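These notes concern the structure reproduced below.
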Amino acid sequence: MLNVIGGRGLNSTRLYEELKRNVDPLSPENMLLIGVGPLTGTLLPASAYTTVSGKSPLTGILGDSAAGGFFGAELKLAGYDQIIITGRSEKPCYLLVSNDNVEIRDASHLWGKDIWETTAALRKELGDNAIQIAAIGPAGENLVKFATVACNNSRMFGRTGMGCLLGSKQLKAVVVRGKKRITVADTLRYADLCRKLETDILNHPEYEQRNALGSTLLMKALNGIGILPTRHFQEGVCPYVDEISGETLAERYKVKNKSCFNCNIHCSRYFITPQYEGEGPEYETLCSYTSRLGNSDLEFALKMTTFLNRMGMDSLSSGETIGWAMECAQRGLLTKEDLDGFDFSWGNTETIEKILRMMVYREGIGDAFAEGTRSLARRFGKGTDTYAFHVKGLDMICGDPRGIKAFGLCYAIASRGGDHLRAEPFFELTERYDEAEKRWGIREIADRLAVKGKAVLVEHTERQALISDCLTMCKNIGLSMDLMNVEFASQLLTAGTGLKFTPERVDDVLKRIIERDRLLNIDFGIEPSQDTLPERFRSEPLKEGASKGHIVPVEEMVKEYYKLKGWNERGIPQAKARKRP
Amino acid sequence: MIVVDAAKCSGCSRCEVACSFFHSGKVGRSGARIKIVKMEQIGIDYPVVCQHCVERYCLKCPEHAIEIGPLGQVIISPTLCTACGLCETLCPIGAIELFEDIPYVCDLCGGDPVCVKACTLDAIRYEPENSQTVSLKPFKSKSRHLSPEQKRVRFASAQSEPIREAWLSQRRA
């Protein structure tokens with residue numbers, strides 16, 4: 001598999017080569033792929049992600065989502081790099097993979113159960129607490145378009161509706177038990193490389209903070225630079241940020257750190273509130289259910305975290321539907337009558353809670369919400385689509401791009417829609433001017449507000465993100481902490497697999513994968529006009545805070561990005577005729 | 001012995017990984033002599049490892065293949081062992097488990113345990129003087145028909161009760 005490496009690249013390459021382009025995402029013909037990297041489950045720290053891919057029910061284009069936890073390592077220990085699921089079961093079922101034995105079993109008794117209940121029931125019925133389970137909840141069963149798959153109860157394959165895809169196949173869960181052990185080709189060399197990475201992680205200037213707060217550190221950090229989505233991106237500064245920050249969460253509710261397989265950061269957390277407890281939340285969920293919806297009640301956000309985790313529904317997309325409704329209500333575009341009588345004022349926790357439940361079970365207006373923001377706005381019309389903040393149907397993440405220009409470009413061009421993880425150009429936030437000069441000869445790349453050089457940065461970090469995804473490695477470490485690159489990856493791959501990976505070769509593979517993803521999406525019908533951002537971010541300057549006055553000149557950035565990629569002005573790779581690998 | 005402070009454990013399994021790799025050059029829970037029990041629904045991750053128990057149940061080995069080393073560690077003779085599995089059955093907490101006909105149990109890595117070095121949260125410590133202070137009698141009854149994993153879960157659940165109580169009184173007082 002020298003041509004695809006693994007994980008996301010392995011999955012999307014298979015889609016490119018085998019998936020019929022015009023299939024309905026919910027039809028039996030759609031493929032559901034679960035892939036891990038060639039080095040997953042080994043000594044390599046933080047390399048235990050898993051990627052689930054398919055044609056997205058939410059966006060209709062390339063869909064995939066990655067999660068950490070312990071599922072990926074277990075799959076590897078059972079002896080697999082990829083699971084391919086096609087067709088559809090006549091009745092609810094689950095897939096049991098136990099080393100070399102693979103069975104499809106009846107799951108009628110599990111249908112309707114939430115993710116936590118499903119996990120507990122499967123462990124009990126199989127008599128083994130050590131099995132790893134990726135399951136869907138009621139949201140996936142009811143084909144909510146942004147339903148998630150979860151492993152370890154709270155590790156979410158959150159984006160692009162992969163839970164809906166499992167639901168459409170009547171597949172309640174994938175259960176894995178792996179009792180094998182993994183060897184690498186050059187053990188001593190490999191151990192040295194892993195030790196180096198471990199040391200680099202421990203010595204990283206951000207280690208302490210990431211260990212203490214994980215991604216929730218972003219609440220205060222993004223507020224400080226004026227890009228914390230507040231009241232649905234109307235403001236970038238939240239006056240009550242101290243009530244909802246990662247620091248407050250840690251002080252009041254955290255009881256201990258949680259971690260993915262073989263990671264020494266332990267960036268996740270277990271929390272206990274007077275009524276609820278669970279693992280999480282990550283920044284995106286925390287922000288989605290606090291400032292983005294004008295809610296200052298942290299305990300409520302934690303309650304919603306457990307609800308979404310149990311039901312298996314994406315916090316970003318579900319949150320965006322509510323944020324859209326709140327802003328449309330504020331502007332008088334939608335009335336109470338339009339919205340089943342609900343009062344969508346900012347921070348109305350009662351409405352949020354009720355509408356979420358109605359989405360999961362597709363009751364009343366919840367049925368329309370369960371189709372996602374793009375579809376909702378089309379249905380209601382009346383100019384409400386101006387406030388539907390998605391790119392290519394995927395709802396935007398919690399980072400106002402007006403103060404982080406490279407991220408703006410990243411959301412616009414990302415192959416799964418409005419998302420940061422395809423390139424995570426975190427470098428622009430680091431103010432490492434000398435390093436920017438050294439790497440790219442453009443100092444402004446280290447300035448988040450500058451536009452110059454950002455296409456160069458995104459073009460570069462897109463590959464850095466992809467190599468992390470192909471190794472199914474955590475992008476907090478690979479990208480945000482800037483510890484993974486093509487050179488290091490090729491050393492790891494060579495020592496790990498015994499195949500000869502040169503940096504040039506790896507880089508070429510990455511370029512081809514990005515090109516194929518683009519071609520796949522073009523086949524799925526994307527237009528260059530969709531490589532953009534919602535209007536607010538292009539034309540409405542932020543009103544206050546440290547990014548005041550800024551917008552994203554995304555059009556010119558996209559053009560430069562096409563050019564750097566060697567794509568034509570319509571964003572079509574010119575190597576289209578290139579022979580398939 | 002290895003002393004566990006599960007309140008600090010994040011469940012990362014670095015101890016398992018280090019243990020398996022150090023002993024065999026391969027990575028996998030099956031090859032680890034310390035195994036974490038994960039109970040996501042109550043937030044507990046509990047590393048289970050030989051407790052150097054007062055009772056030393058495993059010494060009833062019919063082949064006399066098991067002896068106690070100078071550090072208090074269990075030593076299994078590979079030449080005498082017939083892989084009958086009695087030690088696995090006798091251990092009340094699943095700290096001995098056979099994999100590919102070899103019983104795996106903590107050997108303290110000769111006095112410098114790699115799992116302790118791999119843990120970055122101080123959730124496991126090595127206390128050389130601490131041996132035979134723990135009685136596993138409460139876990140002996142009805143343990144015979146449980147798998148090692150089931151015994152570990154039972155042990156971890158009981159041991160983590162005080163942790164849960166402390167958390168709840170701290171956060172729900």
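Chain labels A, B, ... are given in the sequence in which chains occur in the structure tokens; within each chain residues are numbered consecutively from 1, and ligands are likewise numbered from 1 in the order shown.
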With a distance cut-off of 12 Å and only C-alpha atoms, select the neighbouring residues of segment 137-140 of chain B, excluding the residue or stretch itself and same-chain residues fewer than 6 positions from it, and output the selection as a VMD selection string. chain B and resid 53 to 57 89 to 94 146 150 to 159
Within 9 Å of chain B, which residues of chain A show up? Give each one with its shortest atom-to-atom distance in Å (one decimal) and the two atoms involved, counting only C-alpha atoms, rows by chain then rising residue number, as CSV.
```
residue,atom,partner,partner_atom,distance
A:Gly41,CA,B:Val27,CA,7.4
A:Thr42,CA,B:Val27,CA,5.9
A:Leu43,CA,B:Val17,CA,6.7
A:Pro45,CA,B:Arg14,CA,8.7
A:Gly69,CA,B:Cys12,CA,8.8
A:Phe70,CA,B:Cys12,CA,8.9
A:Ala73,CA,B:Gly28,CA,8.8
A:Glu74,CA,B:Gly28,CA,8.8
A:Leu77,CA,B:Gly28,CA,6.7
A:Trp116,CA,B:Gln41,CA,7.3
A:Ala120,CA,B:Gln41,CA,8.5
A:Gly127,CA,B:Gln150,CA,7.7
A:Asp128,CA,B:Glu149,CA,6.8
A:Asn129,CA,B:Glu149,CA,6.9
A:Ala130,CA,B:Glu149,CA,7.3
A:Asn152,CA,B:Glu40,CA,6.6
A:Asn153,CA,B:Glu40,CA,6.6
A:Ser154,CA,B:Glu40,CA,8.4
A:Gly178,CA,B:Gly28,CA,8.6
A:Lys179,CA,B:Ser30,CA,5.7
A:Lys180,CA,B:Gly28,CA,6.4
A:Arg181,CA,B:Gly28,CA,4.4
A:Ile182,CA,B:Val27,CA,5.1
A:Thr183,CA,B:Lys26,CA,4.9
A:Val184,CA,B:Lys26,CA,7.6
A:Thr187,CA,B:Gly25,CA,6.9
A:Leu188,CA,B:Gly25,CA,8.8
A:Arg252,CA,B:Arg171,CA,7.4
A:Tyr253,CA,B:Arg171,CA,6.5
A:Lys254,CA,B:Arg171,CA,8.6
A:Val255,CA,B:Trp167,CA,6.6
A:Lys256,CA,B:Lys8,CA,6.3
A:Asn257,CA,B:Ser10,CA,5.2
A:Lys258,CA,B:Ser10,CA,4.2
A:Ser259,CA,B:Cys12,CA,5.0
A:Cys260,CA,B:Cys12,CA,5.5
A:Phe261,CA,B:Cys12,CA,4.9
A:Asn262,CA,B:Arg14,CA,4.8
A:Cys263,CA,B:Cys12,CA,6.0
A:Asn264,CA,B:Thr120,CA,6.5
A:Ile265,CA,B:Thr120,CA,8.5
A:His266,CA,B:Ser10,CA,6.5
A:Ser268,CA,B:Ser10,CA,8.5
A:Arg269,CA,B:Ser10,CA,8.2
A:Tyr270,CA,B:Gly43,CA,6.2
A:Phe271,CA,B:Gly43,CA,8.4
A:Ile272,CA,B:Arg171,CA,6.3
A:Thr273,CA,B:Arg171,CA,6.3
A:Pro274,CA,B:Arg172,CA,5.0
A:Gln275,CA,B:Arg172,CA,8.3
A:Glu277,CA,B:Ile42,CA,7.9
A:Gly278,CA,B:Gly43,CA,6.8
A:Glu279,CA,B:Gly43,CA,7.3
```
Would you export the selected residues with N, CA and C atoms as a short mmCIF file (atom, residue, chain, number, x, y, z; two decimals), in the first residue's frame, please?
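selection-v8.cif, freshly written:
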```cif
data_model
loop_
_atom_site.label_atom_id
_atom_site.label_comp_id
_atom_site.auth_asym_id
_atom_site.auth_seq_id
_atom_site.Cartn_x
_atom_site.Cartn_y
_atom_site.Cartn_z
N GLY A 41 -1.55 1.51 16.80
CA GLY A 41 -1.46 0.42 17.76
C GLY A 41 -0.04 0.01 18.10
N THR A 42 0.93 0.74 17.56
CA THR A 42 2.33 0.43 17.88
C THR A 42 2.82 1.36 18.98
N LEU A 43 4.13 1.39 19.16
CA LEU A 43 4.75 2.27 20.17
C LEU A 43 4.51 3.76 19.90
N PRO A 45 3.35 7.24 19.85
CA PRO A 45 2.35 7.90 20.68
C PRO A 45 1.28 8.61 19.85
N GLY A 69 -9.41 7.47 20.94
CA GLY A 69 -9.91 6.40 21.79
C GLY A 69 -9.11 5.13 21.59
N PHE A 70 -9.78 3.99 21.66
CA PHE A 70 -9.08 2.71 21.68
C PHE A 70 -9.51 1.75 20.59
N ALA A 73 -6.65 0.98 17.69
CA ALA A 73 -5.58 0.06 18.10
C ALA A 73 -6.10 -1.37 18.18
N GLU A 74 -7.32 -1.52 18.66
CA GLU A 74 -7.91 -2.86 18.79
C GLU A 74 -8.11 -3.50 17.41
N LEU A 77 -4.90 -4.71 16.33
CA LEU A 77 -4.51 -5.91 17.07
C LEU A 77 -5.31 -7.13 16.61
N TRP A 116 -24.31 4.69 25.20
CA TRP A 116 -23.76 4.16 26.45
C TRP A 116 -24.42 2.84 26.82
N ALA A 120 -22.59 -0.90 27.03
CA ALA A 120 -22.69 -1.73 28.24
C ALA A 120 -23.36 -3.08 27.92
N GLY A 127 -19.58 -10.94 27.35
CA GLY A 127 -18.81 -11.35 28.52
C GLY A 127 -17.37 -10.86 28.52
N ASP A 128 -17.13 -9.75 27.88
CA ASP A 128 -15.76 -9.25 27.77
C ASP A 128 -15.76 -7.72 27.83
N ASN A 129 -15.19 -7.20 28.91
CA ASN A 129 -15.16 -5.76 29.08
C ASN A 129 -14.12 -5.09 28.17
N ALA A 130 -13.19 -5.90 27.65
CA ALA A 130 -12.09 -5.31 26.89
C ALA A 130 -12.39 -5.13 25.41
N ASN A 152 -15.65 4.08 22.75
CA ASN A 152 -15.39 4.40 24.15
C ASN A 152 -16.41 5.38 24.71
N ASN A 153 -17.66 5.20 24.34
CA ASN A 153 -18.78 6.02 24.80
C ASN A 153 -18.78 7.46 24.31
N SER A 154 -17.65 8.13 24.39
CA SER A 154 -17.67 9.57 24.14
C SER A 154 -16.65 10.04 23.12
N GLY A 178 -9.16 -7.70 19.52
CA GLY A 178 -7.90 -8.09 18.90
C GLY A 178 -6.93 -8.58 19.94
N LYS A 179 -6.53 -9.82 19.82
CA LYS A 179 -5.62 -10.36 20.84
C LYS A 179 -4.22 -10.59 20.30
N LYS A 180 -3.97 -10.08 19.09
CA LYS A 180 -2.64 -10.29 18.55
C LYS A 180 -1.67 -9.23 19.07
N ARG A 181 -0.42 -9.37 18.68
CA ARG A 181 0.55 -8.33 19.01
C ARG A 181 1.16 -7.81 17.72
N ILE A 182 1.58 -6.56 17.77
CA ILE A 182 2.07 -5.93 16.55
C ILE A 182 3.59 -5.81 16.58
N THR A 183 4.19 -6.19 15.47
CA THR A 183 5.64 -6.03 15.36
C THR A 183 5.94 -4.96 14.33
N VAL A 184 7.10 -4.38 14.43
CA VAL A 184 7.54 -3.44 13.40
C VAL A 184 8.81 -4.01 12.75
N THR A 187 12.88 -2.71 14.86
CA THR A 187 12.39 -2.41 16.20
C THR A 187 13.18 -1.31 16.91
N LEU A 188 14.50 -1.41 16.87
CA LEU A 188 15.30 -0.47 17.64
C LEU A 188 15.22 0.94 17.07
N ARG A 252 -14.23 23.61 38.31
CA ARG A 252 -15.49 23.24 38.96
C ARG A 252 -15.93 21.80 38.75
N TYR A 253 -15.59 21.21 37.60
CA TYR A 253 -16.22 19.92 37.27
C TYR A 253 -15.27 18.79 36.92
N LYS A 254 -14.05 19.12 36.51
CA LYS A 254 -13.12 18.06 36.11
C LYS A 254 -12.68 17.25 37.31
N VAL A 255 -12.62 15.92 37.16
CA VAL A 255 -12.06 15.13 38.24
C VAL A 255 -10.74 14.45 37.86
N LYS A 256 -10.54 14.25 36.57
CA LYS A 256 -9.26 13.67 36.17
C LYS A 256 -9.07 13.81 34.66
N ASN A 257 -7.85 13.52 34.21
CA ASN A 257 -7.57 13.53 32.78
C ASN A 257 -8.02 12.23 32.14
N LYS A 258 -8.37 12.31 30.85
CA LYS A 258 -8.64 11.10 30.07
C LYS A 258 -7.72 11.14 28.85
N SER A 259 -7.59 10.00 28.19
CA SER A 259 -6.59 9.92 27.15
C SER A 259 -6.99 8.94 26.06
N CYS A 260 -6.38 9.09 24.90
CA CYS A 260 -6.48 8.07 23.86
C CYS A 260 -5.37 7.04 24.06
N PHE A 261 -5.43 5.98 23.30
CA PHE A 261 -4.43 4.92 23.37
C PHE A 261 -3.01 5.47 23.20
N ASN A 262 -2.16 5.15 24.14
CA ASN A 262 -0.73 5.43 24.06
C ASN A 262 -0.39 6.90 23.80
N CYS A 263 -1.09 7.80 24.45
CA CYS A 263 -0.76 9.22 24.30
C CYS A 263 -0.27 9.75 25.65
N ASN A 264 0.74 10.58 25.60
CA ASN A 264 1.24 11.11 26.86
C ASN A 264 0.80 12.55 27.13
N ILE A 265 -0.18 13.04 26.39
CA ILE A 265 -0.71 14.37 26.72
C ILE A 265 -1.92 14.27 27.64
N HIS A 266 -2.75 13.25 27.42
CA HIS A 266 -3.94 13.05 28.25
C HIS A 266 -4.82 14.31 28.22
N SER A 268 -7.88 14.94 27.30
CA SER A 268 -9.31 14.91 27.57
C SER A 268 -9.56 14.90 29.08
N ARG A 269 -10.83 14.96 29.45
CA ARG A 269 -11.12 15.06 30.87
C ARG A 269 -12.42 14.32 31.21
N TYR A 270 -12.53 13.92 32.46
CA TYR A 270 -13.78 13.36 32.95
C TYR A 270 -14.38 14.41 33.87
N PHE A 271 -15.66 14.70 33.68
CA PHE A 271 -16.29 15.72 34.52
C PHE A 271 -17.48 15.15 35.28
N ILE A 272 -17.75 15.76 36.40
CA ILE A 272 -18.94 15.40 37.18
C ILE A 272 -19.63 16.69 37.58
N THR A 273 -20.88 16.83 37.21
CA THR A 273 -21.69 17.97 37.66
C THR A 273 -22.71 17.41 38.65
N PRO A 274 -23.47 18.27 39.31
CA PRO A 274 -24.45 17.73 40.26
C PRO A 274 -25.40 16.69 39.65
N GLN A 275 -25.66 16.78 38.35
CA GLN A 275 -26.59 15.81 37.77
C GLN A 275 -25.99 14.86 36.73
N GLU A 277 -22.46 13.26 34.34
CA GLU A 277 -21.04 13.03 34.28
C GLU A 277 -20.69 12.37 32.95
N GLY A 278 -19.43 12.51 32.57
CA GLY A 278 -19.01 11.89 31.32
C GLY A 278 -17.66 12.41 30.90
N GLU A 279 -17.18 11.90 29.75
CA GLU A 279 -15.92 12.39 29.21
C GLU A 279 -16.20 13.55 28.27
#
```
Between atom CA of Asn476 of chain A and atom CA of Ala423 of chain A, what is the distance, to one decimal in Å? 11.6 Å
What's around segment 217-222 of chain A at 9 Å? Count only C-alpha atoms, leave out sequence neighbours fewer than 3 positions away in its own chain, and write the answer as a PyMOL selection string. chain A and resi 209-210+212-214+225-229+236-237+241-242+244-247+283+286-287+399-400
For Thr430 of chain A, please output as a count of residues only all residues within 9 Å (counting only C-alpha atoms; exclusion window: fewer than 4 positions along the same chain). 4
Could you check the closest approach to Asp114 of chain A for each of A:Leu302, A:Val554, A:Ala139, A:Ile355 and tell me which residue wins, using only C-alpha atoms?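 Once distances to Asp114 of chain A are computed over only C-alpha atoms, the minimum belongs to A:Ala139.
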Residues of segment 93-155 of chain B in helix (DSSP H, G or I) according to DSSP, as JSON, numbers by chain? {"B": [108, 109, 110, 111, 114, 115, 116, 117, 118, 137, 138, 139, 148, 149, 150, 151, 152, 153, 154, 155]}
Skipping near chain neighbours, those fewer than 5 positions away, what residues fall within 7 Å of segment 157-170 of chain A using only C-alpha atoms, listed as a VMD selection string? chain A and resid 26 28 52 56 to 59 63 to 67 87 to 89 91 to 93 136 140 to 141 143 to 150 314 394
N, CA and C atoms of the current selection, written as a tab-separated table (two decimals), in the first residue's frame:
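Result file part34.tsv:
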```
chain	number	residue	atom	x	y	z
A	26	LEU	N	-27.65	7.24	1.18
A	26	LEU	CA	-28.34	6.32	2.08
A	26	LEU	C	-28.70	4.99	1.41
A	28	PRO	N	-28.01	1.23	-0.36
A	28	PRO	CA	-27.11	0.12	-0.02
A	28	PRO	C	-25.77	0.20	-0.76
A	52	VAL	N	-13.49	6.99	9.61
A	52	VAL	CA	-14.67	6.39	8.99
A	52	VAL	C	-15.03	7.25	7.78
A	56	SER	N	-21.04	11.35	2.00
A	56	SER	CA	-21.72	11.91	3.16
A	56	SER	C	-23.22	12.11	2.95
A	57	PRO	N	-24.04	11.61	3.88
A	57	PRO	CA	-25.48	11.85	3.81
A	57	PRO	C	-25.81	13.33	4.03
A	58	LEU	N	-24.94	14.03	4.74
A	58	LEU	CA	-25.21	15.44	5.04
A	58	LEU	C	-24.87	16.34	3.86
A	59	THR	N	-23.71	16.09	3.24
A	59	THR	CA	-23.21	17.01	2.22
A	59	THR	C	-23.32	16.47	0.80
A	63	GLY	N	-17.22	12.26	2.49
A	63	GLY	CA	-17.46	12.38	3.92
A	63	GLY	C	-16.48	11.52	4.69
A	64	ASP	N	-15.94	12.06	5.75
A	64	ASP	CA	-15.15	11.23	6.65
A	64	ASP	C	-15.03	11.91	7.98
A	65	SER	N	-14.73	11.11	8.96
A	65	SER	CA	-14.59	11.64	10.30
A	65	SER	C	-13.64	10.74	11.07
A	66	ALA	N	-12.79	11.35	11.89
A	66	ALA	CA	-11.82	10.57	12.64
A	66	ALA	C	-12.07	10.73	14.13
A	67	ALA	N	-11.76	9.70	14.88
A	67	ALA	CA	-11.86	9.80	16.33
A	67	ALA	C	-10.71	9.05	16.97
A	87	GLY	N	-23.86	-2.59	1.09
A	87	GLY	CA	-25.16	-3.25	1.19
A	87	GLY	C	-25.99	-2.70	2.33
A	88	ARG	N	-26.99	-3.47	2.69
A	88	ARG	CA	-27.85	-3.06	3.81
A	88	ARG	C	-28.46	-4.30	4.43
A	89	SER	N	-28.48	-4.34	5.74
A	89	SER	CA	-29.07	-5.48	6.44
A	89	SER	C	-30.60	-5.33	6.45
A	91	LYS	N	-32.51	-6.45	8.87
A	91	LYS	CA	-32.90	-6.06	10.22
A	91	LYS	C	-31.65	-5.56	10.95
A	92	PRO	N	-31.85	-4.88	12.08
A	92	PRO	CA	-30.70	-4.32	12.79
A	92	PRO	C	-29.66	-5.39	13.10
A	93	CYS	N	-28.40	-5.05	12.88
A	93	CYS	CA	-27.34	-6.02	13.13
A	93	CYS	C	-26.11	-5.32	13.69
A	136	ILE	N	-23.72	3.47	17.05
A	136	ILE	CA	-24.57	4.64	16.83
A	136	ILE	C	-25.68	4.65	17.88
A	140	GLY	N	-28.53	8.14	14.85
A	140	GLY	CA	-28.09	7.38	13.68
A	140	GLY	C	-29.19	6.47	13.16
A	141	GLU	N	-29.89	5.83	14.09
A	141	GLU	CA	-31.00	4.95	13.68
A	141	GLU	C	-32.07	5.73	12.93
A	143	LEU	N	-31.70	8.24	11.16
A	143	LEU	CA	-31.11	8.86	9.97
A	143	LEU	C	-31.01	10.38	10.07
A	144	VAL	N	-30.72	10.89	11.27
A	144	VAL	CA	-30.36	12.30	11.39
A	144	VAL	C	-29.11	12.50	10.55
A	145	LYS	N	-29.12	13.48	9.67
A	145	LYS	CA	-28.08	13.60	8.67
A	145	LYS	C	-26.69	13.88	9.25
A	146	PHE	N	-26.66	14.36	10.49
A	146	PHE	CA	-25.35	14.62	11.11
A	146	PHE	C	-25.17	13.75	12.35
A	147	ALA	N	-25.67	12.52	12.26
A	147	ALA	CA	-25.49	11.58	13.37
A	147	ALA	C	-24.04	11.13	13.44
A	148	THR	N	-23.61	10.80	14.64
A	148	THR	CA	-22.22	10.41	14.85
A	148	THR	C	-22.11	8.90	15.12
A	149	VAL	N	-20.89	8.43	15.05
A	149	VAL	CA	-20.54	7.10	15.55
A	149	VAL	C	-19.64	7.37	16.75
A	150	ALA	N	-19.73	6.55	17.78
A	150	ALA	CA	-18.89	6.79	18.95
A	150	ALA	C	-18.17	5.53	19.36
A	314	ASP	N	-23.93	15.09	16.14
A	314	ASP	CA	-22.81	16.03	16.07
A	314	ASP	C	-23.16	17.36	16.74
A	394	LEU	N	-21.47	21.38	4.96
A	394	LEU	CA	-20.93	21.04	6.29
A	394	LEU	C	-20.84	22.32	7.13
```
Neighbouring residues of Cys58 of chain B were defined as those with any atom within 12 Å, considering only C-alpha atoms; residues of the same chain fewer than 5 positions away were excluded. Please report them as a PyMOL selection string. chain B and resi 50-53+63-68+73-76+85-97+103+105+136
Set the distance at 12 Å and use only C-alpha atoms: which residues neighbour Gly549 of chain A once local chain neighbours fewer than 3 positions away are removed? I'd like the list as a PDB file with C-alpha atoms, in the first residue's frame.
```pdb
ATOM      1  CA  GLY A 226     -11.547  38.314  19.120  1.00  0.00           C
ATOM      2  CA  ILE A 227     -12.719  35.270  17.186  1.00  0.00           C
ATOM      3  CA  GLU A 235     -19.505  38.957  17.786  1.00  0.00           C
ATOM      4  CA  GLY A 236     -16.030  37.566  18.296  1.00  0.00           C
ATOM      5  CA  ARG A 402     -12.095  36.861   9.999  1.00  0.00           C
ATOM      6  CA  GLY A 403      -9.283  36.861  12.555  1.00  0.00           C
ATOM      7  CA  LEU A 449      -4.368  38.770  10.373  1.00  0.00           C
ATOM      8  CA  PHE A 537     -17.144  36.455   6.742  1.00  0.00           C
ATOM      9  CA  ARG A 538     -16.411  37.971   3.343  1.00  0.00           C
ATOM     10  CA  SER A 539     -18.084  41.338   3.780  1.00  0.00           C
ATOM     11  CA  GLU A 540     -19.003  42.171   7.372  1.00  0.00           C
ATOM     12  CA  PRO A 541     -16.015  43.332   9.438  1.00  0.00           C
ATOM     13  CA  LEU A 542     -15.827  42.203  13.053  1.00  0.00           C
ATOM     14  CA  LYS A 543     -17.059  45.031  15.242  1.00  0.00           C
ATOM     15  CA  GLU A 544     -14.886  44.706  18.323  1.00  0.00           C
ATOM     16  CA  GLY A 545     -11.974  42.883  19.899  1.00  0.00           C
ATOM     17  CA  ALA A 546      -8.507  42.041  18.674  1.00  0.00           C
ATOM     18  CA  VAL A 552     -11.606  37.293   4.778  1.00  0.00           C
TER      19      VAL A 552
END
```
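Distance-wise, atom CA of Val49 of chain B and atom CA of Tyr104 of chain B end up 10.5 Å apart.
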Separation of atom CA of Ile84 of chain A from atom CA of Gln132 of chain A in Å: 17.7 Å
